[in-house]
Amino acid sequence: MRDLFTEIWESLRRNKLRTALTGFAVAWGIFMLIVLLGAGNGIMNTTESNMSGINANTMRVYGNSTSKPYGGFKQGRYIELDERDMARTASPAFADHVDDISAVLSQSGFKMTYGKRYFDISLSGVYPEYGQMNRVEVLAGRFINKNDLKARRKVIVITHMQARNFLGGKENYESLVGQRVKIGNLSFQIAGIRRAAENENDSEIFTPYTTLRDIFAKSDNIDMLAFTFHGLETEEENEAFEKDYKRSLNTLHGAAPDDERAIWINNSFRMSMQMNKGHHMLEVFLWIVGLFTLLSGIVGVSNIMLITVKERTHEFGIRKAIGANPWGIMKLIIAESVSITAVFGYIGMVLGMLACGLLNATVGSNPLELFGESIQVMKDPSVGLDVALEATLLLVVAGTIAGLIPARKAAKVKPIEALRAE
Amino acid sequence: MLIELKDVNKTYNNGQPLHVLKGINLGIDKGEFVSIMGASGSGKSTLLNILGILDNYDMGEYYIDGRLIKGLTERQAADYRNHMIGFIFQSFNLIGFKTAVENVELPLFYQGVPRAKRHQMAMEYLERLGLADWAKHYPNEMSGGQKQRVAIARALITQPKIILADEPTGALDSKTSEEVMQLLAKLNREEGVTIIVVTHESGVANCTDKIIHIKDGVIGEIEDNREHRASVFGTSTIMK
């Protein structure tokens, strides 16, 4: 092994400029691959973190307008969900798949006052299950519970941003739990403080559904129905369930059973499935672009090895005459090729990782100000250890392939012809 | 018989077929110091290539030490060359980017001899040829005679059955030529190395004990030259 490396080192040292230029092409190729994949991961991480507020298996159901006339009604009639829909969702007809259900009622235009501080707020009346469905992270106190719902208690869950404001910038949220605030003319008790979502303007305040309904809304209409489900694993199963579900709800509202648009469903499972598909396509695309960049580097290595073989034909003739077998010659060329690709590829990979770090420090940690909104373009752009290992393996394979054709050429030359060369 | 050729034929098929060797029959014993002499185009280089397993032949049989050398794979041929044959070339054929001692080591490297062992052996051989001080020098730092002595050391190091020397003095001045031939003669005399020299110089051939004349692809006269009194022009060749 040491002899082989000595040979390679001697050969590379004799052609410094050539080695450096070839190596640069390889380093550049793998550098681009790593940066592309890192940036791609950054973009994917961002979309994923935007989605993280929603449980993967949640459907949100909204009323919409009918798309066809039915039962004496014209098309375009607006459907409003109500508690019958809630009951239907909870009925045995859908019990095979539906788990937790929550009606959501939203109302805005309230003023919340605590001491001298106040907010313009909107209230969302929800069921206790809604907290889990939406992955609400409670920092202090608790979320709405069953007793709140049953007793229509005037309790609320506020965001940590609002809490911080109430506390004058301090973060001892616990001290706020149990405190009373005024909403309109009514006194509400703070049951809990939750973490507001990072990227959005999240100021939703939660209160029991029944409280909001009976005090403010005074009807049994609901704005949204959310439920978690299980046992729907494929796109087709989801589609079939949604169709069934819509048909069932449509009949409650006198809409055509086959009207696809009277009820609108936002299925997080299907969304994340589509997102995964999109991510996968993006990743494949980036790999292809990266690999083609790398390919030009590999072709360069192969080319240089061909020149090397031509230059060293006479030497190989000598080696053969004194007893080198074809594999002994091939080994020299392939090992040289693998060495160039591996060493320079590794350099390119390290530089690529550094570039990803730089990207993280600049674009990754400073949200972009666009149209007055701050958008985080990239989150944690980097490649994992698995990709690094894959890339290393790729380099070794690529180096071997790059060396193979020149090496075969070198091994094939007859010793007498090789000795005659030059 | 160490070397035995029976009716060996060789035809080159590059466009016009060229029948170079037309039935060579030859035997060489162990410990002989032989020269093969012939004009250019006589087939002596082809014969040398076949003897050195660098080229194959079409018909006939070639034995080294009773082993038939025919239809070998590249691998086997390389192995036989490595173990049985030592080459000395007109143009030395040392590897330019390797030092003298590294060049001498190379055949042992292809035998898989460990580094320390082969270095030690290479140094021994260089010392025997009076080149110990030059071990770390590169070929382009040495004179022609020194280079040829390095090449001889490289040929000897595997202790081959045959040393094949192809115009070993072709690139050397007359004084150095003389020295190299004396060195080969000494190796033959003192260590019993079988040496075959291919040459077209009668002076060189005269240093050997037996002169085999080859002409137009067949063996001509075989001269016993133990007295080293071969006529300057040879007996049956035209003047060089």
# chains A, B, ... in the order shown; residues from 1 in each chain; ligands from 1
>>> select_by_dssp(residues="stretch 39-224 of chain A", states="helix (DSSP H, G or I)", output="ChimeraX atom specification")
/A:39-51,83-90,92-94,129-133,146-151,160-166,173-176,209-217
>>> interface_residues(of="chain B", to="chain A", cutoff="7 Å", atoms="only C-alpha atoms", output="ChimeraX atom specification")
/B:54,74-75,78-79,81-82,93,95,107,110
>>> closest_residue(among="B:Leu183, B:Ala122, B:Ile53, B:Val34", to="B:Gly145", atoms="only C-alpha atoms")
B:Leu183
>>> atom_distance(atom1="atom CA of A:Leu291", atom2="atom CA of A:Thr19")
21.2 Å
>>> residues_around(residues="B:Leu68", least_positions_apart="4", cutoff="12 Å", atoms="only C-alpha atoms", output="list in words")
Leu2, Ile3, Glu4, Leu5, Lys6, Leu51, Ile53, Gly60, Glu61, Tyr62, Tyr63, Ile64, Leu72, Ala77 and Tyr80 of chain B
>>> write_last_selection(atoms="N, CA and C atoms", output="short mmCIF file (atom, residue, chain, number, x, y, z; two decimals), in the first residue's frame")
data_model
loop_
_atom_site.label_atom_id
_atom_site.label_comp_id
_atom_site.auth_asym_id
_atom_site.auth_seq_id
_atom_site.Cartn_x
_atom_site.Cartn_y
_atom_site.Cartn_z
N LEU B 2 18.67 -25.95 -21.14
CA LEU B 2 17.91 -24.92 -20.42
C LEU B 2 16.89 -24.29 -21.36
N ILE B 3 17.37 -24.01 -22.57
CA ILE B 3 16.47 -23.41 -23.56
C ILE B 3 16.41 -24.31 -24.77
N GLU B 4 15.20 -24.55 -25.24
CA GLU B 4 15.05 -25.42 -26.40
C GLU B 4 13.97 -24.84 -27.31
N LEU B 5 14.36 -24.58 -28.55
CA LEU B 5 13.38 -24.12 -29.53
C LEU B 5 13.26 -25.17 -30.61
N LYS B 6 12.01 -25.54 -30.91
CA LYS B 6 11.80 -26.55 -31.95
C LYS B 6 10.92 -25.98 -33.04
N LEU B 51 12.25 -15.26 -27.04
CA LEU B 51 13.01 -15.84 -25.93
C LEU B 51 12.64 -15.14 -24.61
N ILE B 53 9.81 -13.86 -23.81
CA ILE B 53 8.35 -13.93 -23.60
C ILE B 53 7.71 -12.55 -23.70
N GLY B 60 5.54 -24.22 -33.59
CA GLY B 60 6.72 -24.77 -32.95
C GLY B 60 6.58 -24.78 -31.43
N GLU B 61 7.72 -25.06 -30.78
CA GLU B 61 7.68 -25.15 -29.33
C GLU B 61 8.90 -24.45 -28.74
N TYR B 62 8.67 -23.84 -27.60
CA TYR B 62 9.76 -23.16 -26.90
C TYR B 62 9.71 -23.58 -25.44
N TYR B 63 10.80 -24.21 -24.98
CA TYR B 63 10.87 -24.66 -23.60
C TYR B 63 11.92 -23.88 -22.83
N ILE B 64 11.58 -23.46 -21.63
CA ILE B 64 12.61 -22.98 -20.71
C ILE B 64 12.63 -23.98 -19.56
N LEU B 72 0.44 -18.34 -23.32
CA LEU B 72 0.32 -17.86 -21.93
C LEU B 72 -0.63 -16.66 -21.85
N ALA B 77 2.64 -14.71 -18.44
CA ALA B 77 3.83 -14.21 -19.13
C ALA B 77 4.61 -13.26 -18.23
N TYR B 80 6.38 -15.26 -15.55
CA TYR B 80 7.55 -15.98 -16.05
C TYR B 80 8.70 -15.01 -16.32
#
>>> residues_around(residues="B:Glu179", least_positions_apart="6", cutoff="10 Å", atoms="only C-alpha atoms", output="mmCIF file with N, CA and C atoms, in the first residue's frame")
data_model
loop_
_atom_site.group_PDB
_atom_site.id
_atom_site.type_symbol
_atom_site.label_atom_id
_atom_site.label_comp_id
_atom_site.auth_asym_id
_atom_site.auth_seq_id
_atom_site.Cartn_x
_atom_site.Cartn_y
_atom_site.Cartn_z
ATOM 1 N N GLY B 145 27.777 3.920 -18.913
ATOM 2 C CA GLY B 145 28.285 2.669 -18.343
ATOM 3 C C GLY B 145 27.661 2.398 -16.988
ATOM 4 N N ARG B 149 25.210 -0.690 -15.860
ATOM 5 C CA ARG B 149 25.503 -1.549 -14.706
ATOM 6 C C ARG B 149 24.307 -1.602 -13.751
ATOM 7 N N THR B 169 25.757 -3.042 -25.637
ATOM 8 C CA THR B 169 26.806 -2.023 -25.750
ATOM 9 C C THR B 169 26.472 -0.997 -26.813
ATOM 10 N N ALA B 185 30.953 -11.418 -18.921
ATOM 11 C CA ALA B 185 31.770 -12.628 -18.994
ATOM 12 C C ALA B 185 32.120 -13.118 -17.592
#
>>> closest_residue(among="B:Thr199, B:Ser45, B:Asn25, B:Thr73", to="B:Pro168", atoms="only C-alpha atoms")
B:Thr199
>>> atom_distance(atom1="atom CA of A:Arg213", atom2="atom CA of A:Asn201")
24.8 Å
